[in-house]
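The file final.txt comes next; it holds compact mmCIF, C-alpha atoms and all ligand atoms.
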# COMPACT_ATOMS: atom_id res chain seq x y z
CA MET A 1 -54.49 -106.68 21.04
CA THR A 2 -52.45 -103.84 22.51
CA GLU A 3 -48.69 -103.77 22.09
CA PHE A 4 -46.48 -101.58 24.25
CA MET A 5 -43.11 -101.43 26.00
CA LEU A 6 -43.17 -102.59 29.62
CA ASN A 7 -40.05 -102.02 31.69
CA GLY A 8 -38.03 -101.94 28.50
CA THR A 9 -39.45 -105.11 26.99
CA PRO A 10 -42.08 -105.34 24.23
CA VAL A 11 -45.31 -106.95 25.48
CA SER A 12 -48.79 -107.48 24.14
CA SER A 13 -52.12 -107.61 25.91
CA ALA A 14 -55.14 -109.55 24.70
CA SER A 15 -57.48 -107.78 27.13
CA PRO A 16 -60.35 -105.68 25.76
CA ASP A 17 -59.33 -102.14 24.84
CA ASP A 18 -61.15 -100.58 27.78
CA THR A 19 -59.54 -102.80 30.42
CA PRO A 20 -57.72 -100.62 32.96
CA LEU A 21 -53.95 -100.92 32.60
CA LEU A 22 -53.75 -101.85 36.29
CA TRP A 23 -55.55 -105.14 35.70
CA VAL A 24 -53.52 -105.93 32.62
CA LEU A 25 -50.35 -105.44 34.67
CA ARG A 26 -51.50 -107.43 37.68
CA ASP A 27 -53.69 -110.16 36.23
CA GLU A 28 -52.55 -110.66 32.66
CA LEU A 29 -48.84 -109.83 32.90
CA ASP A 30 -48.45 -110.94 36.53
CA LEU A 31 -46.70 -107.84 37.85
CA LYS A 32 -48.21 -107.45 41.32
CA GLY A 33 -46.13 -104.52 42.56
CA THR A 34 -48.61 -101.92 41.34
CA LYS A 35 -51.50 -101.79 43.80
CA PHE A 36 -55.24 -101.26 43.67
CA GLY A 37 -56.43 -98.75 46.23
CA CYS A 38 -59.47 -96.72 45.21
CA GLY A 39 -59.98 -97.45 41.52
CA ILE A 40 -61.05 -93.86 40.87
CA ALA A 41 -57.73 -91.99 40.50
CA GLN A 42 -57.85 -90.61 44.03
CA CYS A 43 -55.15 -92.41 46.04
CA GLY A 44 -52.06 -92.98 43.89
CA ALA A 45 -51.50 -96.63 44.86
CA CYS A 46 -51.59 -97.63 41.19
CA THR A 47 -49.05 -95.06 39.95
CA VAL A 48 -46.83 -96.13 37.05
CA HIS A 49 -44.81 -94.07 34.58
CA LEU A 50 -46.21 -93.57 31.09
CA ASP A 51 -43.44 -92.18 28.90
CA GLY A 52 -41.87 -91.00 32.15
CA THR A 53 -44.93 -89.24 33.52
CA PRO A 54 -46.60 -90.53 36.71
CA THR A 55 -49.95 -91.96 35.67
CA ARG A 56 -52.81 -93.71 37.46
CA ALA A 57 -53.15 -97.16 35.98
CA CYS A 58 -56.56 -97.82 37.55
CA VAL A 59 -58.35 -95.45 35.19
CA LEU A 60 -56.16 -95.74 32.09
CA PRO A 61 -57.53 -98.00 29.34
CA VAL A 62 -54.89 -100.38 28.09
CA SER A 63 -55.54 -99.16 24.55
CA ALA A 64 -54.14 -95.76 25.60
CA VAL A 65 -50.65 -97.19 26.09
CA ALA A 66 -50.30 -98.70 22.61
CA GLY A 67 -46.81 -98.03 21.32
CA ARG A 68 -45.78 -96.24 24.51
CA GLN A 69 -43.37 -96.87 27.37
CA VAL A 70 -44.79 -98.09 30.68
CA THR A 71 -42.57 -98.44 33.73
CA THR A 72 -43.72 -100.15 36.92
CA ILE A 73 -42.05 -100.47 40.29
CA GLU A 74 -40.48 -103.73 39.07
CA GLY A 75 -38.67 -101.81 36.33
CA LEU A 76 -37.73 -98.69 38.29
CA ALA A 77 -33.97 -98.58 37.65
CA SER A 78 -33.13 -94.94 36.94
CA ASP A 79 -30.46 -93.25 39.06
CA ALA A 80 -33.23 -91.40 40.88
CA GLY A 81 -35.14 -94.62 41.39
CA GLU A 82 -32.13 -96.41 42.83
CA ALA A 83 -31.36 -93.48 45.14
CA LEU A 84 -34.95 -93.46 46.31
CA LYS A 85 -35.02 -97.20 46.99
CA ALA A 86 -31.86 -96.87 49.11
CA ALA A 87 -33.31 -93.90 50.98
CA TRP A 88 -36.57 -95.77 51.55
CA VAL A 89 -34.54 -98.42 53.34
CA SER A 90 -32.28 -96.06 55.29
CA GLU A 91 -35.23 -93.95 56.42
CA GLN A 92 -37.38 -97.04 57.11
CA VAL A 93 -40.28 -95.45 55.24
CA PRO A 94 -42.90 -98.20 54.84
CA GLN A 95 -45.31 -99.26 57.53
CA CYS A 96 -47.88 -101.63 56.00
CA GLY A 97 -46.27 -100.96 52.61
CA TYR A 98 -49.43 -100.94 50.54
CA CYS A 99 -49.05 -97.41 49.17
CA GLN A 100 -45.30 -97.57 48.75
CA SER A 101 -44.83 -98.58 45.14
CA GLY A 102 -47.03 -95.68 44.11
CA GLN A 103 -45.14 -93.34 46.41
CA LEU A 104 -41.82 -94.42 44.90
CA MET A 105 -43.03 -94.03 41.32
CA THR A 106 -44.28 -90.51 42.02
CA ALA A 107 -41.08 -89.59 43.85
CA ALA A 108 -38.95 -90.98 41.03
CA ALA A 109 -40.78 -88.91 38.44
CA LEU A 110 -40.21 -85.85 40.61
CA LEU A 111 -36.46 -86.39 40.97
CA GLU A 112 -36.03 -87.34 37.32
CA ALA A 113 -37.56 -83.98 36.37
CA ASN A 114 -36.18 -81.95 39.27
CA PRO A 115 -33.12 -83.45 40.99
CA SER A 116 -33.08 -80.83 43.77
CA PRO A 117 -36.67 -80.13 44.78
CA SER A 118 -37.51 -77.74 47.59
CA ASP A 119 -39.59 -78.91 50.53
CA ASP A 120 -42.67 -77.33 48.97
CA GLU A 121 -41.98 -78.98 45.62
CA ILE A 122 -41.70 -82.36 47.33
CA VAL A 123 -44.96 -81.85 49.20
CA ASN A 124 -46.75 -80.65 46.07
CA ALA A 125 -45.48 -83.56 43.97
CA MET A 126 -46.36 -86.18 46.58
CA ASN A 127 -49.65 -84.61 47.59
CA GLY A 128 -51.86 -86.96 45.58
CA ASN A 129 -50.38 -90.16 46.99
CA LEU A 130 -52.29 -91.14 50.10
CA CYS A 131 -50.85 -93.20 52.95
CA ARG A 132 -53.28 -94.51 55.50
CA CYS A 133 -50.34 -95.33 57.81
CA MET A 134 -49.40 -91.65 57.82
CA ALA A 135 -45.79 -92.21 56.73
CA TYR A 136 -45.73 -88.76 55.14
CA GLY A 137 -42.89 -87.42 57.30
CA ARG A 138 -40.63 -90.35 56.46
CA ILE A 139 -41.55 -90.18 52.77
CA LYS A 140 -40.56 -86.52 52.63
CA ALA A 141 -37.34 -87.21 54.55
CA ALA A 142 -36.41 -90.06 52.21
CA VAL A 143 -37.01 -87.96 49.09
CA LYS A 144 -34.68 -85.34 50.56
CA VAL A 145 -32.01 -87.96 51.28
CA ALA A 146 -32.34 -89.32 47.73
CA ALA A 147 -31.96 -85.78 46.41
CA GLY A 148 -28.63 -85.54 48.22
CA ARG A 149 -29.76 -83.26 51.00
CA GLY A 150 -28.82 -85.92 53.54
CA GLU A 151 -31.02 -84.59 56.28
CA GLY A 152 -32.70 -87.89 57.11
CA GLN A 153 -35.53 -88.00 59.58
CA ALA A 154 -36.95 -84.58 60.40
S1 LIG B 201 -56.10 -97.21 42.76
FE1 LIG B 201 -55.60 -95.80 41.20
S2 LIG B 201 -55.55 -93.87 42.20
FE2 LIG B 201 -56.30 -95.25 43.73
S1 LIG B 202 -47.37 -97.51 54.45
FE1 LIG B 202 -49.40 -98.25 54.85
S2 LIG B 202 -50.65 -97.12 53.46
FE2 LIG B 202 -48.71 -96.18 53.31
Could you rewrite the structure in this file as structure tokens?
Ligand code: FES
Ligand code: FES
Amino acid sequence: MTEFMLNGTPVSSASPDDTPLLWVLRDELDLKGTKFGCGIAQCGACTVHLDGTPTRACVLPVSAVAGRQVTTIEGLASDAGEALKAAWVSEQVPQCGYCQSGQLMTAAALLEANPSPSDDEIVNAMNGNLCRCMAYGRIKAAVKVAAGRGEGQA
């Protein structure tokens, strides 16, 4: 049994200790917003926050989150998160949408740590989140809008 905080609420998981957090979230706790892409920490689709740090849930054993704070896309409610969600809509970022929860969680961690990132800092922070629809330009534009730079589509 692993007990942790999920989106501000205490939860417990009965899954074996080595079960990836991603499957606990999706299959045991029924939060489907966090996606499975590669399963080997290479694409970012499964990104959640662990104590505020973007973390790949596909390779993280559930036992590693005992007593810690996990935030998923369903619980993303920080000021940065809300600004990003609005910018994602105004900039019409998603195409198929599959990568987008991971993109938003990575972007939120960036803006929570650095509210005014440079273009290079945005690119570096988002670099590990892959998008097979090639929405990278719109993702970068939306992060800039959420950061208050208001430049919109490049
Ligand atoms: S599914 Fe976790 S990084 Fe790709
Ligand atoms: S919007 Fe389709 S994979 Fe990114």
**OP:** Can you tell me which residues come within 7 Å of ligand LIG 201 (chain B) when counting only C-alpha atoms and all ligand atoms, ideally as a list in words?
**Re:** Lys35, Phe36, Gly37, Cys38, Gly39, Ile40, Ala41, Gln42, Cys43, Gly44, Ala45, Cys46, Thr47, Arg56, Ala57, Cys58 and Val59 of chain A
With C-alpha atoms kept, could you save the residues just selected as a PDB file, in the frame of the given file?
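Contents of selection33.pdb, freshly written:
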ATOM      1  CA  LYS A  35     -51.500-101.790  43.800  1.00  0.00           C
ATOM      2  CA  PHE A  36     -55.240-101.260  43.670  1.00  0.00           C
ATOM      3  CA  GLY A  37     -56.430 -98.750  46.230  1.00  0.00           C
ATOM      4  CA  CYS A  38     -59.470 -96.720  45.210  1.00  0.00           C
ATOM      5  CA  GLY A  39     -59.980 -97.450  41.520  1.00  0.00           C
ATOM      6  CA  ILE A  40     -61.050 -93.860  40.870  1.00  0.00           C
ATOM      7  CA  ALA A  41     -57.730 -91.990  40.500  1.00  0.00           C
ATOM      8  CA  GLN A  42     -57.850 -90.610  44.030  1.00  0.00           C
ATOM      9  CA  CYS A  43     -55.150 -92.410  46.040  1.00  0.00           C
ATOM     10  CA  GLY A  44     -52.060 -92.980  43.890  1.00  0.00           C
ATOM     11  CA  ALA A  45     -51.500 -96.630  44.860  1.00  0.00           C
ATOM     12  CA  CYS A  46     -51.590 -97.630  41.190  1.00  0.00           C
ATOM     13  CA  THR A  47     -49.050 -95.060  39.950  1.00  0.00           C
ATOM     14  CA  ARG A  56     -52.810 -93.710  37.460  1.00  0.00           C
ATOM     15  CA  ALA A  57     -53.150 -97.160  35.980  1.00  0.00           C
ATOM     16  CA  CYS A  58     -56.560 -97.820  37.550  1.00  0.00           C
ATOM     17  CA  VAL A  59     -58.350 -95.450  35.190  1.00  0.00           C
TER      18      VAL A  59
END
As AutoDock Vina command-line options: centre and edge lengths in Å, one decimal, of the axis-aligned box holding ligand LIG 202 (chain B) with 3 Å per side:
--center_x -49.0 --center_y -97.2 --center_z 54.1 --size_x 9.3 --size_y 8.1 --size_z 7.5
Quick one: everything within 8 Å of region 131-139 of chain A, counting only C-alpha atoms, minus sequence neighbours fewer than 4 positions away in the same chain. Send it as an mmCIF file with C-alpha atoms, in the coordinates of the input.
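The resulting file, part.cif, is reproduced below:
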data_model
loop_
_atom_site.group_PDB
_atom_site.id
_atom_site.type_symbol
_atom_site.label_atom_id
_atom_site.label_comp_id
_atom_site.auth_asym_id
_atom_site.auth_seq_id
_atom_site.Cartn_x
_atom_site.Cartn_y
_atom_site.Cartn_z
ATOM 1 C CA TRP A 88 -36.570 -95.770 51.550
ATOM 2 C CA GLU A 91 -35.230 -93.950 56.420
ATOM 3 C CA GLN A 92 -37.380 -97.040 57.110
ATOM 4 C CA VAL A 93 -40.280 -95.450 55.240
ATOM 5 C CA PRO A 94 -42.900 -98.200 54.840
ATOM 6 C CA GLN A 95 -45.310 -99.260 57.530
ATOM 7 C CA CYS A 96 -47.880 -101.630 56.000
ATOM 8 C CA CYS A 99 -49.050 -97.410 49.170
ATOM 9 C CA GLN A 103 -45.140 -93.340 46.410
ATOM 10 C CA VAL A 143 -37.010 -87.960 49.090
ATOM 11 C CA GLN A 153 -35.530 -88.000 59.580
ATOM 12 C CA ALA A 154 -36.950 -84.580 60.400
#
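From CA of Glu28 (chain A) back to CA of Leu84 (chain A), the distance works out to 28.1 Å.
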**OP:** Write out as a PyMOL selection string each polymer residue whose atoms come within 12 Å of Val145 (chain A), counting all atoms listed in the file; drop sequence neighbours fewer than 2 positions from it.
**Re:** chain A and resi 80+82-91+93+107+111+115-117+119+122+138-143+147-154
Using C-alpha atoms, can you export the residues from the last selection as a compact mmCIF listing (two decimals), keeping the file's coordinate frame?
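Once everything was written out, this is selection.txt:
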# COMPACT_ATOMS: atom_id res chain seq x y z
CA ALA A 80 -33.23 -91.40 40.88
CA GLU A 82 -32.13 -96.41 42.83
CA ALA A 83 -31.36 -93.48 45.14
CA LEU A 84 -34.95 -93.46 46.31
CA LYS A 85 -35.02 -97.20 46.99
CA ALA A 86 -31.86 -96.87 49.11
CA ALA A 87 -33.31 -93.90 50.98
CA TRP A 88 -36.57 -95.77 51.55
CA VAL A 89 -34.54 -98.42 53.34
CA SER A 90 -32.28 -96.06 55.29
CA GLU A 91 -35.23 -93.95 56.42
CA VAL A 93 -40.28 -95.45 55.24
CA ALA A 107 -41.08 -89.59 43.85
CA LEU A 111 -36.46 -86.39 40.97
CA PRO A 115 -33.12 -83.45 40.99
CA SER A 116 -33.08 -80.83 43.77
CA PRO A 117 -36.67 -80.13 44.78
CA ASP A 119 -39.59 -78.91 50.53
CA ILE A 122 -41.70 -82.36 47.33
CA ARG A 138 -40.63 -90.35 56.46
CA ILE A 139 -41.55 -90.18 52.77
CA LYS A 140 -40.56 -86.52 52.63
CA ALA A 141 -37.34 -87.21 54.55
CA ALA A 142 -36.41 -90.06 52.21
CA VAL A 143 -37.01 -87.96 49.09
CA ALA A 147 -31.96 -85.78 46.41
CA GLY A 148 -28.63 -85.54 48.22
CA ARG A 149 -29.76 -83.26 51.00
CA GLY A 150 -28.82 -85.92 53.54
CA GLU A 151 -31.02 -84.59 56.28
CA GLY A 152 -32.70 -87.89 57.11
CA GLN A 153 -35.53 -88.00 59.58
CA ALA A 154 -36.95 -84.58 60.40
**OP:** To one decimal in Å, tell me the separation between CA of Asp120 (chain A) and CA of Leu60 (chain A).
**Re:**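 Separation of CA of Asp120 (chain A) and CA of Leu60 (chain A): 28.4 Å.
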Original post:
For ligand LIG 202 (chain B), which residue out of A:Ser15, A:Gln100, A:Asn124, A:Asn114 is the nearest one, using only C-alpha atoms and all ligand atoms?
Top reply: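 Ranked by minimum distance to ligand LIG 202 (chain B), first place goes to A:Gln100.
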Original post:
Counting all atoms listed in the file, what is within 8 Å of Thr34 (chain A), bar same-chain residues fewer than 4 positions away, as a list in words?
Top reply: Leu22, Leu25, Arg26, Ala45, Cys46, Thr47, Val48, Thr72, Ile73, Ser101 and Gly102 of chain A
**OP:** Have a look at CA of Pro10 (chain A) and CA of Ser78 (chain A) and let me know their distance in Å, one decimal.
**Re:**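 A separation of 18.7 Å between them.
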Subject >> Residue nearest ligand LIG 202 (chain B) - candidates A:Leu104, A:Tyr98, A:Ser118, A:Val70, atoms counted: all atoms listed in the file >> reply: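 Under the stated criterion, the closest residue is A:Tyr98.
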Original post:
Which of these residues is nearest to Ala64 (chain A), using only C-alpha atoms: A:Leu76, A:Ala125, A:Leu110, A:Leu21?
Top reply: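 Checking each of A:Leu76, A:Ala125, A:Leu110, A:Leu21 against Ala64 (chain A), counting only C-alpha atoms, the winner is A:Leu21.
Of the listed residues (A:Gly81, A:Ala109, A:Asn127, A:Thr53), A:Thr53 comes nearest to Arg68 (chain A); the distances count all atoms listed in the file.
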Original post:
Which protein, DNA or RNA residues have an atom at most 12 Å from (-44.8, -105.9, 25.8), counting only C-alpha atoms? List them as a count of residues only.
Top reply: 26
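Of the residues listed (A:Leu130, A:Leu50, A:Val123, A:Met105), A:Leu130 shows the shortest atom-to-atom separation from ligand LIG 202 (chain B); distances use all atoms listed in the file.
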Original post:
Which of these residues is nearest to Thr55 (chain A), using all atoms listed in the file: A:Gly75, A:Thr106, A:Met126, A:Lys144?
Top reply: A:Thr106
Restore N, CA and C atoms in region 40-55 of chain A and list the result as an mmCIF file, in the coordinates of the input.
data_model
loop_
_atom_site.group_PDB
_atom_site.id
_atom_site.type_symbol
_atom_site.label_atom_id
_atom_site.label_comp_id
_atom_site.auth_asym_id
_atom_site.auth_seq_id
_atom_site.Cartn_x
_atom_site.Cartn_y
_atom_site.Cartn_z
ATOM 1 N N ILE A 40 -60.453 -95.072 41.448
ATOM 2 C CA ILE A 40 -61.050 -93.860 40.870
ATOM 3 C C ILE A 40 -60.051 -92.693 40.829
ATOM 4 N N ALA A 41 -58.767 -93.017 40.699
ATOM 5 C CA ALA A 41 -57.730 -91.990 40.500
ATOM 6 C C ALA A 41 -57.593 -91.024 41.677
ATOM 7 N N GLN A 42 -57.890 -91.511 42.881
ATOM 8 C CA GLN A 42 -57.850 -90.610 44.030
ATOM 9 C C GLN A 42 -56.750 -90.906 45.039
ATOM 10 N N CYS A 43 -56.069 -92.050 44.948
ATOM 11 C CA CYS A 43 -55.150 -92.410 46.040
ATOM 12 C C CYS A 43 -53.692 -92.557 45.619
ATOM 13 N N GLY A 44 -53.431 -92.864 44.370
ATOM 14 C CA GLY A 44 -52.060 -92.980 43.890
ATOM 15 C C GLY A 44 -51.417 -94.345 44.051
ATOM 16 N N ALA A 45 -52.111 -95.303 44.643
ATOM 17 C CA ALA A 45 -51.500 -96.630 44.860
ATOM 18 C C ALA A 45 -51.110 -97.315 43.555
ATOM 19 N N CYS A 46 -51.788 -96.957 42.470
ATOM 20 C CA CYS A 46 -51.590 -97.630 41.190
ATOM 21 C C CYS A 46 -50.647 -96.879 40.259
ATOM 22 N N THR A 47 -49.869 -95.943 40.802
ATOM 23 C CA THR A 47 -49.050 -95.060 39.950
ATOM 24 C C THR A 47 -47.959 -95.827 39.204
ATOM 25 N N VAL A 48 -47.912 -95.636 37.906
ATOM 26 C CA VAL A 48 -46.830 -96.130 37.050
ATOM 27 C C VAL A 48 -46.326 -94.928 36.251
ATOM 28 N N HIS A 49 -45.263 -95.117 35.498
ATOM 29 C CA HIS A 49 -44.810 -94.070 34.580
ATOM 30 C C HIS A 49 -45.277 -94.417 33.168
ATOM 31 N N LEU A 50 -45.860 -93.441 32.497
ATOM 32 C CA LEU A 50 -46.210 -93.570 31.090
ATOM 33 C C LEU A 50 -45.371 -92.561 30.330
ATOM 34 N N ASP A 51 -44.420 -93.057 29.549
ATOM 35 C CA ASP A 51 -43.440 -92.180 28.900
ATOM 36 C C ASP A 51 -42.814 -91.232 29.921
ATOM 37 N N GLY A 52 -42.561 -91.755 31.114
ATOM 38 C CA GLY A 52 -41.870 -91.000 32.150
ATOM 39 C C GLY A 52 -42.741 -90.157 33.051
ATOM 40 N N THR A 53 -44.021 -90.076 32.740
ATOM 41 C CA THR A 53 -44.930 -89.240 33.520
ATOM 42 C C THR A 53 -45.730 -90.105 34.492
ATOM 43 N N PRO A 54 -45.801 -89.719 35.784
ATOM 44 C CA PRO A 54 -46.600 -90.530 36.710
ATOM 45 C C PRO A 54 -48.071 -90.552 36.296
ATOM 46 N N THR A 55 -48.628 -91.752 36.251
ATOM 47 C CA THR A 55 -49.950 -91.960 35.670
ATOM 48 C C THR A 55 -50.701 -92.996 36.490
#
